[in-house]
Amino acid sequence: MTDRTDRTRMDWWLVAAVLAVVAAYARVIWFTPAEATQGLAQKIYYLHLPAALNAYIAFAVVAVTSVVYLWLKDPRADRLAESSAEVGLLFTTVVLTTGPIWGKPVWGTWWTWDARLTLTLFLWFIYAGYLVLRGAVTEPGMRARYSAVLGILGALLIPFIHMSVYLFRTLHPMPIVLKPDRPSLPPEMLQTLMLSFAAFFFTYVVLTRARFGLAVQRAELAMREGSSDGER
């Protein structure tokens, strides 16, 4: 009964996350003015940037929980790292798909080997490799250790992605929100961006919590199967 209640509650949280994203983008489409030079294409920004920021948060969580695992050997930290990595990879996929859709009308091309684009693609491959590694190594302790090291090293790329527009010649514009001084967006655009970020962050939390619950169930099933084999 408790498991069924938990699943029902999680289903409602997932529905709430979807509604939050839909509500945020309804504001983007109908209640947020178009940018003067880029027109309607710029509205992808309110999907693209929140997805990128939440991918960074997800991979930062992977790094922190990986450090915790290496220090304390707590399997819960390893499960949370795995869960956050999967959700982070999902958000990075959103970034890499929405970027070309935005870039085509603005830059005139779907893709260019721009420093930030290339580094983001590399980040995607690192965490895709992280998940492949977890599936390839069967011994739990070894899998957790190897994954923790890769999860930490992968997160070190995030500051370079953010700083790439300062370090290299790039088609990406300079940051207008994440910069040392005040954001350059008009207030109504900034409010929409903050609401979109909040909706995506809520979605990140809900998806990670659901994935963590699945990891716990898998661990319990593996323990039961191990106990049954030992009894035989």
# chains A, B, ... in the order shown; residues from 1 in each chain; ligands from 1
$ closest_atom_pairs --of "range 23-92 of chain A" --to "range 142-148 of chain A" --cutoff "10 Å" --atoms "only C-alpha atoms" --output "Markdown table"
| residue | atom | partner | partner_atom | distance |
| --- | --- | --- | --- | --- |
| A:Val62 | CA | A:Ala148 | CA | 7.9 |
| A:Ala63 | CA | A:Ala148 | CA | 7.3 |
| A:Val64 | CA | A:Ala148 | CA | 9.3 |
| A:Thr65 | CA | A:Ala148 | CA | 8.1 |
| A:Ser66 | CA | A:Ala148 | CA | 4.5 |
| A:Val67 | CA | A:Ala148 | CA | 7.0 |
| A:Val68 | CA | A:Ala148 | CA | 9.2 |
| A:Tyr69 | CA | A:Ala148 | CA | 7.4 |
| A:Leu70 | CA | A:Arg145 | CA | 6.8 |
| A:Lys73 | CA | A:Ala144 | CA | 8.9 |
| A:Asp74 | CA | A:Ala144 | CA | 9.9 |
| A:Pro75 | CA | A:Ala144 | CA | 8.1 |
| A:Ala77 | CA | A:Ala144 | CA | 9.5 |
| A:Asp78 | CA | A:Ala144 | CA | 6.1 |
| A:Arg79 | CA | A:Ala144 | CA | 8.8 |
| A:Ala81 | CA | A:Ala148 | CA | 7.9 |
| A:Glu82 | CA | A:Ser147 | CA | 8.5 |
$ closest_atom_pairs --of "range 118-184 of chain A" --to "range 98-114 of chain A" --cutoff "9 Å" --atoms "only C-alpha atoms" --output "CSV"
residue,atom,partner,partner_atom,distance
A:Thr118,CA,A:Trp113,CA,5.7
A:Leu119,CA,A:Asp114,CA,8.5
A:Phe168,CA,A:Asp114,CA,8.8
A:Arg169,CA,A:Asp114,CA,8.0
A:Thr170,CA,A:Asp114,CA,5.6
A:Leu171,CA,A:Asp114,CA,6.5
A:His172,CA,A:Asp114,CA,7.8
$ write_last_selection --atoms "C-alpha atoms" --output "mmCIF file, in the first residue's frame"
data_model
loop_
_atom_site.group_PDB
_atom_site.id
_atom_site.type_symbol
_atom_site.label_atom_id
_atom_site.label_comp_id
_atom_site.auth_asym_id
_atom_site.auth_seq_id
_atom_site.Cartn_x
_atom_site.Cartn_y
_atom_site.Cartn_z
ATOM 1 C CA THR A 118 32.081 22.185 -28.813
ATOM 2 C CA LEU A 119 32.709 22.141 -25.061
ATOM 3 C CA PHE A 168 37.967 32.420 -27.359
ATOM 4 C CA ARG A 169 36.487 34.059 -30.432
ATOM 5 C CA THR A 170 32.956 32.743 -30.492
ATOM 6 C CA LEU A 171 29.576 33.361 -32.076
ATOM 7 C CA HIS A 172 27.967 33.230 -28.659
#
$ residues_around --residues "Thr120 in chain A" --least-positions-apart "3" --cutoff "10 Å" --atoms "only C-alpha atoms" --output "list in words"
Ala52, Thr92, Thr93, Val95, Leu96, Asp114, Ala115, Arg116, Leu117, Leu123, Trp124, Phe125, Ile126, Leu157, Ile158, Phe160, Ile161 and His162 of chain A
$ select_by_dssp --residues "range 21-59 of chain A" --states "helix (DSSP H, G or I)" --output "number ranges by chain"
A: 21-31, 40-59
$ atom_distance --atom1 "CA of Phe201 in chain A" --atom2 "CA of Pro50 in chain A"
8.1 Å
$ residues_around --residues "range 215-223 of chain A" --least-positions-apart "5" --cutoff "9 Å" --atoms "only C-alpha atoms" --output "JSON, numbers by chain"
{"A": [76, 79, 80, 82, 83, 210, 228]}
$ write_last_selection --atoms "N, CA, C and O atoms" --output "compact mmCIF listing (two decimals), in the first residue's frame"
# COMPACT_ATOMS: atom_id res chain seq x y z
N ARG A 76 24.12 5.75 -0.84
CA ARG A 76 23.08 6.73 -1.18
C ARG A 76 23.66 7.88 -2.00
O ARG A 76 23.00 8.40 -2.91
N ARG A 79 24.02 6.66 -5.55
CA ARG A 79 22.72 6.60 -6.24
C ARG A 79 22.25 8.00 -6.63
O ARG A 79 21.69 8.20 -7.72
N LEU A 80 22.47 8.97 -5.76
CA LEU A 80 22.07 10.34 -6.08
C LEU A 80 22.91 10.89 -7.23
O LEU A 80 22.40 11.58 -8.11
N GLU A 82 24.26 9.13 -9.67
CA GLU A 82 23.76 8.49 -10.88
C GLU A 82 22.45 9.13 -11.34
O GLU A 82 22.28 9.43 -12.53
N SER A 83 21.55 9.38 -10.40
CA SER A 83 20.25 9.96 -10.74
C SER A 83 20.41 11.36 -11.31
O SER A 83 19.79 11.71 -12.34
N ALA A 210 12.56 11.06 -8.49
CA ALA A 210 11.96 9.84 -9.05
C ALA A 210 13.03 8.83 -9.44
O ALA A 210 12.90 7.63 -9.18
N SER A 228 18.59 -14.60 -1.73
CA SER A 228 17.97 -15.85 -2.21
C SER A 228 19.03 -16.80 -2.77
O SER A 228 19.00 -17.99 -2.50
$ closest_residue --among "A:Leu207, A:Ala155, A:Val61, A:Val94" --to "Phe122 in chain A" --atoms "only C-alpha atoms"
A:Ala155
$ closest_residue --among "A:Arg27, A:Gly154, A:Leu214, A:Thr32" --to "Leu89 in chain A" --atoms "only C-alpha atoms"
A:Gly154
$ decode --residues "range 32-54 of chain A" --atoms "N, CA and C atoms" --output "PDB file, in the first residue's frame"
ATOM      1  N   THR A  32       5.516  37.765 -23.067  1.00  0.00           N
ATOM      2  CA  THR A  32       6.864  38.322 -23.040  1.00  0.00           C
ATOM      3  C   THR A  32       7.175  38.920 -24.400  1.00  0.00           C
ATOM      4  N   PRO A  33       7.604  40.176 -24.459  1.00  0.00           N
ATOM      5  CA  PRO A  33       7.852  40.813 -25.766  1.00  0.00           C
ATOM      6  C   PRO A  33       9.004  40.148 -26.501  1.00  0.00           C
ATOM      7  N   ALA A  34       8.950  40.186 -27.827  1.00  0.00           N
ATOM      8  CA  ALA A  34      10.030  39.654 -28.657  1.00  0.00           C
ATOM      9  C   ALA A  34      11.225  40.595 -28.614  1.00  0.00           C
ATOM     10  N   GLU A  35      12.400  40.034 -28.747  1.00  0.00           N
ATOM     11  CA  GLU A  35      13.627  40.838 -28.767  1.00  0.00           C
ATOM     12  C   GLU A  35      13.685  41.630 -30.066  1.00  0.00           C
ATOM     13  N   ALA A  36      14.239  42.837 -30.012  1.00  0.00           N
ATOM     14  CA  ALA A  36      14.138  43.768 -31.134  1.00  0.00           C
ATOM     15  C   ALA A  36      14.845  43.275 -32.395  1.00  0.00           C
ATOM     16  N   THR A  37      16.024  42.687 -32.285  1.00  0.00           N
ATOM     17  CA  THR A  37      16.790  42.303 -33.468  1.00  0.00           C
ATOM     18  C   THR A  37      16.569  40.849 -33.880  1.00  0.00           C
ATOM     19  N   GLN A  38      16.397  39.936 -32.908  1.00  0.00           N
ATOM     20  CA  GLN A  38      16.270  38.514 -33.225  1.00  0.00           C
ATOM     21  C   GLN A  38      14.819  38.078 -33.437  1.00  0.00           C
ATOM     22  N   GLY A  39      13.889  38.885 -32.984  1.00  0.00           N
ATOM     23  CA  GLY A  39      12.489  38.561 -33.179  1.00  0.00           C
ATOM     24  C   GLY A  39      12.035  37.366 -32.346  1.00  0.00           C
ATOM     25  N   LEU A  40      11.089  36.602 -32.887  1.00  0.00           N
ATOM     26  CA  LEU A  40      10.501  35.487 -32.147  1.00  0.00           C
ATOM     27  C   LEU A  40      11.506  34.373 -31.868  1.00  0.00           C
ATOM     28  N   ALA A  41      12.537  34.260 -32.699  1.00  0.00           N
ATOM     29  CA  ALA A  41      13.527  33.195 -32.498  1.00  0.00           C
ATOM     30  C   ALA A  41      14.193  33.307 -31.132  1.00  0.00           C
ATOM     31  N   GLN A  42      14.291  34.533 -30.613  1.00  0.00           N
ATOM     32  CA  GLN A  42      14.961  34.727 -29.326  1.00  0.00           C
ATOM     33  C   GLN A  42      14.211  34.082 -28.181  1.00  0.00           C
ATOM     34  N   LYS A  43      12.939  33.774 -28.360  1.00  0.00           N
ATOM     35  CA  LYS A  43      12.151  33.196 -27.264  1.00  0.00           C
ATOM     36  C   LYS A  43      12.622  31.790 -26.895  1.00  0.00           C
ATOM     37  N   ILE A  44      13.388  31.148 -27.768  1.00  0.00           N
ATOM     38  CA  ILE A  44      13.995  29.866 -27.406  1.00  0.00           C
ATOM     39  C   ILE A  44      14.978  30.051 -26.253  1.00  0.00           C
ATOM     40  N   TYR A  45      15.480  31.263 -26.086  1.00  0.00           N
ATOM     41  CA  TYR A  45      16.394  31.586 -24.989  1.00  0.00           C
ATOM     42  C   TYR A  45      15.833  31.163 -23.641  1.00  0.00           C
ATOM     43  N   TYR A  46      14.519  31.318 -23.449  1.00  0.00           N
ATOM     44  CA  TYR A  46      13.900  31.014 -22.158  1.00  0.00           C
ATOM     45  C   TYR A  46      13.758  29.511 -21.916  1.00  0.00           C
ATOM     46  N   LEU A  47      14.024  28.726 -22.936  1.00  0.00           N
ATOM     47  CA  LEU A  47      14.117  27.277 -22.800  1.00  0.00           C
ATOM     48  C   LEU A  47      15.571  26.833 -22.760  1.00  0.00           C
ATOM     49  N   HIS A  48      16.369  27.443 -23.621  1.00  0.00           N
ATOM     50  CA  HIS A  48      17.769  27.063 -23.793  1.00  0.00           C
ATOM     51  C   HIS A  48      18.601  27.347 -22.544  1.00  0.00           C
ATOM     52  N   LEU A  49      18.525  28.578 -22.042  1.00  0.00           N
ATOM     53  CA  LEU A  49      19.365  28.941 -20.887  1.00  0.00           C
ATOM     54  C   LEU A  49      18.946  28.226 -19.606  1.00  0.00           C
ATOM     55  N   PRO A  50      17.652  28.159 -19.238  1.00  0.00           N
ATOM     56  CA  PRO A  50      17.296  27.401 -18.032  1.00  0.00           C
ATOM     57  C   PRO A  50      17.706  25.938 -18.112  1.00  0.00           C
ATOM     58  N   ALA A  51      17.599  25.331 -19.299  1.00  0.00           N
ATOM     59  CA  ALA A  51      18.052  23.947 -19.440  1.00  0.00           C
ATOM     60  C   ALA A  51      19.552  23.846 -19.186  1.00  0.00           C
ATOM     61  N   ALA A  52      20.316  24.802 -19.717  1.00  0.00           N
ATOM     62  CA  ALA A  52      21.765  24.793 -19.517  1.00  0.00           C
ATOM     63  C   ALA A  52      22.120  24.977 -18.037  1.00  0.00           C
ATOM     64  N   LEU A  53      21.477  25.924 -17.378  1.00  0.00           N
ATOM     65  CA  LEU A  53      21.791  26.187 -15.970  1.00  0.00           C
ATOM     66  C   LEU A  53      21.455  24.979 -15.099  1.00  0.00           C
ATOM     67  N   ASN A  54      20.343  24.327 -15.392  1.00  0.00           N
ATOM     68  CA  ASN A  54      19.976  23.166 -14.592  1.00  0.00           C
ATOM     69  C   ASN A  54      20.841  21.957 -14.920  1.00  0.00           C
TER      70      ASN A  54
END
